[in-house]
Structures are given as structure tokens and as C-alpha cells.
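Engineer: Please find one structure pasted underneath; my questions will follow.
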Amino acid sequence: MKRITIPILALILLGMLIPTGFATDSNLVITYGESTYANNGYKSVVDAFFVNQANVDLKNVDSKVITADQVNQVSSGITGKSYSSDQIFSSAFLDLNDNDNLEVSVDKSKITTITGNMYISALKSAGITSGHVYVTSPMEATGESALAGIMNAYEEATDVKIPETVKEAANDEIYTQAEIVENSGIDAEKLSKLVDDVKQEVSGDNVTDHNTIVNIINNYVHNNNINITNSDIENLADTIEQVQNVQGDVNYYKDQVSGLLNDGNSTGGFSLDALFDWIKSLTNGS
């Protein structure tokens with residue numbers, strides 16, 4: 001019987017593995033704000049940003065729409081704010097193929113309040129440590145509602161739900177920082193670093209006591225000459241305490257996605273190198 005050569009067998013197997021027409025890449029997801037998706041002009045602006053920044057063909061990208069109702073489910077319990085269907089503009093693109101570290105690229109010309117580091121901090125609070133996220137809007141927006149879309153994108157890409165308690169804690173962190181930036185005029189990046197530093201100390205020492213967290217924040221505020229009010233400090237302490245209190249749920253979620261988010265350039269367990277090694281073992285045998 002004639003031996004099958006490696007190239008021929010490889011083509012046969014790849015033909016079996018790759019569907020005709022190429023399916024959408026499950027590691028790429030766009031979440032559009034409801035207002036953006038409903039307006040073709042707005043959607044085109046957002047799509048152009050994603051294409052230019054991520055160098056991606058959107059024809060192979062899954063998309064979801066984030067509605068005002070979804071945002072209000074989170075925001076109403078945190079800030080009391082309620083949004084209408086024509087106020088949800090922020091949109092996000094998730095690329096899990098770029099999976100070595102967590103990176104967030106924000107369109108600073110449109111997102112006025114929330115910075116990339118703020119998103120990163122909140123996502124890390126939710127147990128997310130890898131992937132590249134791009135955030136934009138067709139018009140100026142604070143960017144608060146984008147976090148709901150980003151987490152929804154991770155759920156879509158991994159097929160793993162983020163616990164509601166974790167979502168609430170991460171969103172509370174974003175909304176609290178946005179409120180402090182808008183009310184106090186503090187530099188957003190300086191506030192983001194403050195929150196990140198405090199969270200690291202609190203997590204490292206496993207602190208859950210509210211007054212202890214307040215004291216830690218006060219020390220950072222004093223040592224770094226940061227001008228925020230006592231009310232701001234109390235709100236930050238509440239937020240960081242909430243993050244600490246959901247660590248059990250965060251760890252559960254991290255366990256569920258450990259093979260999907262943290263192994264770098266994940267392809268769902270499929271490896272071309274492993275495939276060709278297996279082919280060689282077949283063709284080299286008797």
C-alpha cells in the first residue's frame with residue numbers, strides 16, 4: 001500500500017478541521033452600545049476605529065448589543081442613574097487572540113472620563129488578566145457603560161458567565177472613580193493608580209475591615225498629595241471592601257476560565273505544532 005506523505009495527510013486533516021467559508025473567530029467579540037447600533041452612521045464610526053486600531057476584518061467578528069436596560073440593572077443600584085435607549089454609546093472590541101497580558105486601548109477623543117487603566121483595574125477585580133480590549137464611542141461619552149459590554153464580551157468569547165456579585169463590584173469601582181473624577185477634578189490616572197495601589201495592599205494583607213481600608217487610603221492620599229474629600233475616601237473604601245468581599249466568587253470564575261484567558265494566544269486547545277507532530281508519528285510508523 002502506498003504511504004501517505006506528510007503534506008497530503010496534513011491537507012486532509014486540515015480540510016476536516018476547518019469549515020467551509022471559515023466560521024467567525026470566537027476569540028473576537030464586539031459589543032455595541034444600543035444607541036450606536038441603532039444608527040448606521042454611528043456604527044460606521046465605531047467600526048472604523050476598531051478596524052484601524054486592531055487591524056481586524058469585522059466580517060469574522062461576533063457582535064452583541066448592550067441595552068439601556070442591561071446598563072441600568074447595574075448603574076441604578078450603584079449611582080441611582082438611569083439611562084434611556086438613546087444614551088448608550090460606548091462600544092468595545094475584545095481580541096482574545098492577543099492574550100499574553102491584559103491591555104485596554106481607549107479612544108481618548110471620545111471617552112471623556114474612564115481611562116484604560118481604570119478599565120484594567122476593574123477587570124482585574126473581576127479576575128480577568130488577559131486579552132486586548134478597545135473602547136470607543138461615536139460621540140463623547142464618559143465610558144462608564146462600556147464595562148458592562150466588555151464583561152459581556154468576555155462571557156461571549158469564553159462561554160463562561162461572570163458571577164453577578166463580581167460584575168457589581170467591578171462596575172461599582174468604575175462608577176465610583178468616574179464620580180470622583182467628575183466631582184473633584186482629580187487627574188483620572190492619578191486616581192486610578194491610587195485605587196490600584198490600595199487594592200494591592202488590601203489584597204496582599206487580606207484586609208476586609210472598612211476602617212482599616214479607610215486608613216490605608218488616607219495614608220496614600222497624604223503621601224502622594226492627592227486632593228479628594230473624606231466622602232470620596234469613604235466611597236472608595238466601600239468599593240474596595242466590596243471587591244475584597246467577592247474574592248471567593250472571583251477565584252471561582254478564574255478557575256473556570258484559567259485555560260481560556262491565561263495561557264497566551266489560546267486557540268481552544270488546538271495546536272498546529274501538535275497536529276504535525278501527530279502526523280509525523282503516523283507516517284514514520286510501519
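Ordering of the C-alpha cells sets the chain letters (A, B, ...); residue numbers start at 1 within each chain; ligands are numbered from 1 in the order shown.
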Env of Ser84 of chain A: 10 Å cut, atoms = only C-alpha atoms, seq-sep filter 6 positions within chain, self excluded. Answer as a PyMOL selection string.
Structural biologist: chain A and resi 34-35+67-69+71-72
Engineer: Please give the complete set of residues from segment 24-225 of chain A that DSSP, run on the backbone, assigns to strand (DSSP E), formatted as a count of residues only.
Structural biologist: 31
Engineer: At what distance in Å, to one decimal, does atom CA of Leu96 of chain A lie from atom CA of Asn39 of chain A?
Structural biologist: 27.2 Å
Engineer: Hey, which bits of segment 151-212 of chain A sit within 9 Å of segment 227-251 of chain A, and for each residue what's the closest pair of atoms and how far apart in Å (one decimal), counting only C-alpha atoms, rows by chain and increasing number, as JSON lines?
Structural biologist:
```
{"residue": "A:Ile162", "atom": "CA", "partner": "A:Val250", "partner_atom": "CA", "distance": 8.4}
{"residue": "A:Pro163", "atom": "CA", "partner": "A:Asp249", "partner_atom": "CA", "distance": 6.6}
{"residue": "A:Thr165", "atom": "CA", "partner": "A:Val246", "partner_atom": "CA", "distance": 6.6}
{"residue": "A:Val166", "atom": "CA", "partner": "A:Val246", "partner_atom": "CA", "distance": 6.2}
{"residue": "A:Glu168", "atom": "CA", "partner": "A:Gln242", "partner_atom": "CA", "distance": 8.9}
{"residue": "A:Ala169", "atom": "CA", "partner": "A:Val243", "partner_atom": "CA", "distance": 5.4}
{"residue": "A:Ala170", "atom": "CA", "partner": "A:Val243", "partner_atom": "CA", "distance": 7.3}
{"residue": "A:Asp172", "atom": "CA", "partner": "A:Thr239", "partner_atom": "CA", "distance": 6.3}
{"residue": "A:Glu173", "atom": "CA", "partner": "A:Thr239", "partner_atom": "CA", "distance": 5.7}
{"residue": "A:Thr176", "atom": "CA", "partner": "A:Leu236", "partner_atom": "CA", "distance": 6.9}
{"residue": "A:Gln177", "atom": "CA", "partner": "A:Leu236", "partner_atom": "CA", "distance": 7.8}
{"residue": "A:Glu179", "atom": "CA", "partner": "A:Asp232", "partner_atom": "CA", "distance": 8.9}
{"residue": "A:Ile180", "atom": "CA", "partner": "A:Asp232", "partner_atom": "CA", "distance": 6.4}
{"residue": "A:Ser184", "atom": "CA", "partner": "A:Ile228", "partner_atom": "CA", "distance": 6.4}
{"residue": "A:Gly185", "atom": "CA", "partner": "A:Ile228", "partner_atom": "CA", "distance": 8.8}
{"residue": "A:Ile186", "atom": "CA", "partner": "A:Asn227", "partner_atom": "CA", "distance": 7.1}
{"residue": "A:Val195", "atom": "CA", "partner": "A:Leu236", "partner_atom": "CA", "distance": 7.8}
{"residue": "A:Val198", "atom": "CA", "partner": "A:Ile240", "partner_atom": "CA", "distance": 8.2}
{"residue": "A:Lys199", "atom": "CA", "partner": "A:Ile240", "partner_atom": "CA", "distance": 6.6}
{"residue": "A:Val202", "atom": "CA", "partner": "A:Gln244", "partner_atom": "CA", "distance": 7.9}
{"residue": "A:Ser203", "atom": "CA", "partner": "A:Gln244", "partner_atom": "CA", "distance": 7.0}
{"residue": "A:Asn206", "atom": "CA", "partner": "A:Gln244", "partner_atom": "CA", "distance": 7.7}
{"residue": "A:Val207", "atom": "CA", "partner": "A:Gln244", "partner_atom": "CA", "distance": 7.6}
{"residue": "A:Thr208", "atom": "CA", "partner": "A:Glu241", "partner_atom": "CA", "distance": 5.9}
{"residue": "A:Asp209", "atom": "CA", "partner": "A:Glu241", "partner_atom": "CA", "distance": 7.4}
{"residue": "A:His210", "atom": "CA", "partner": "A:Ala237", "partner_atom": "CA", "distance": 6.4}
{"residue": "A:Asn211", "atom": "CA", "partner": "A:Ala237", "partner_atom": "CA", "distance": 8.2}
{"residue": "A:Thr212", "atom": "CA", "partner": "A:Ala237", "partner_atom": "CA", "distance": 9.0}
```
Engineer: In Å, with one decimal, what is the gap from atom CA of Ala122 of chain A to atom CA of Gln200 of chain A?
Structural biologist: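 Rounded to one decimal, the two atoms are 12.6 Å apart.
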